[in-house]
Each structure stands twice: as structure tokens, then as C-alpha cells.
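In what follows, a single structure is set out as C-alpha cells and then discussed.
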Amino acid sequence: MKIRSLLLTFAILLSTVTIVRADGIHDHPSLHGGRVFVAKDIDVELVAKNDLVQIHLRDHGKPIDIRGGSAKLTLLNGASKQEYELSVSKGIFELKGSFNLEKGTKAIAIIKFGNQVVTARYVY
């Protein structure tokens, strides 16, 4: 009976580790000083400053052609919700302005390019 309990505990622990690693956050390097989220084997790097937001897309380290694509960024902080449309600029999505990026702010990026839609989530 003890072996059965031990195996069950091990299986639960293993499934919990799998769930934690399924959040999209991986050890992929940041090439532009931002935060990297991996979705559908695509690195989505969000560079967010108080006056500039950029989204860089890479597939196995190579930049992705985003011509004709679109990106929407939603910032959630408590009851505050701000939505932004980013424009394509020099092969990346970019928006200049004033952004509220306090600690605990959640950022959700929805990116469309080609026939793909990628969603990336970040917490600051």
C-alpha cells in the first residue's frame, strides 16, 4: 500500500511540474532587453518601457516577416484596462506613447501575421 501511495504522489508531482512549465515562459534569450514568451514555437519578445512598446517575433532565432500583420496589446493593472494597436515598423511591431507599467501589470499581446494568431502573456 505504501508503494502505491508513493507512486501516486510521484505522478501528481510530475503532472504539477508539467503544468507549471506549460505557461509559455522558457529560457530563450532576450535579444532586445525585453521579456520572451514562447507560443507555438515562436519567440515573442515584448520590450516595454514607459514611452515605447515593441514586439519582436522570431522562429528558431530568425526574425519573422510580419508585413501585413497586426498586433494588439492590452495592459491590465487592477481595475485599469488599456488597449493599444501597434504598427509595423522596420520588421517589428511598435508603438510610442505613455504606458503605465507598474509592478503587477499584466500585458497580453495578440499578434496576427500570415495565417497565424499568437497570444503572449506577461506579468511585470
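Residues are named by chain letter and number: chains run A, B, ... in the order of the C-alpha cells, numbers start at 1 in each chain, and ligands are numbered from 1 in the order shown.
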Please provide as a PyMOL selection string all residues within 12 Å of A:Gly91, with the sequence filter that same-chain residues fewer than 4 positions apart are discarded (counting only C-alpha atoms).
-> chain A and resi 54-58+62-70+87+113
Contacts of A:Ile42 at 6 Å or less, counting only C-alpha atoms, minus same-chain residues fewer than 2 places along, as a VMD selection string?
-> chain A and resid 38 to 40 58 to 59
Mind giving me the straight-line distance from atom CA of A:Thr119 to atom CA of A:Phe37 in Å, one decimal?
->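 Here the two named atoms are 9.2 Å from each other.
Coordinates place atom CA of A:Glu102 at a distance of 21.7 Å from atom CA of A:Ala71.
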Record the distance separating atom CA of A:Glu45 and atom CA of A:Tyr124, expressed in Å with one decimal.
-> 13.6 Å
Which of these residues is nearest to A:Asn100, using only C-alpha atoms: A:Ile3, A:Leu75, A:Val118, A:Leu46?
->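 Ranking A:Ile3, A:Leu75, A:Val118, A:Leu46 by distance to A:Asn100, first place goes to A:Leu75.
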Close residues, A:Ser80 itself excluded, 12 Å, only C-alpha atoms, min 4 positions apart in chain, as an mmCIF file with C-alpha atoms, in the first residue's frame:
data_model
loop_
_atom_site.group_PDB
_atom_site.id
_atom_site.type_symbol
_atom_site.label_atom_id
_atom_site.label_comp_id
_atom_site.auth_asym_id
_atom_site.auth_seq_id
_atom_site.Cartn_x
_atom_site.Cartn_y
_atom_site.Cartn_z
ATOM 1 C CA THR A 74 -3.775 45.039 -23.526
ATOM 2 C CA LEU A 75 -2.367 46.271 -20.194
ATOM 3 C CA LEU A 76 -4.281 45.282 -17.060
ATOM 4 C CA PHE A 99 2.320 53.480 -20.771
ATOM 5 C CA ASN A 100 1.507 52.506 -17.188
ATOM 6 C CA LEU A 101 3.850 49.606 -16.395
ATOM 7 C CA GLU A 102 3.716 49.400 -12.607
ATOM 8 C CA GLY A 104 1.924 43.655 -11.149
ATOM 9 C CA THR A 105 0.749 44.952 -14.531
ATOM 10 C CA LYS A 106 -0.368 42.141 -16.828
ATOM 11 C CA ALA A 107 0.307 42.508 -20.540
#
Among A:Tyr84, A:Asn115, A:Arg121, A:Gly33, A:Ala48 is approached most closely, using only C-alpha atoms, by A:Gly33
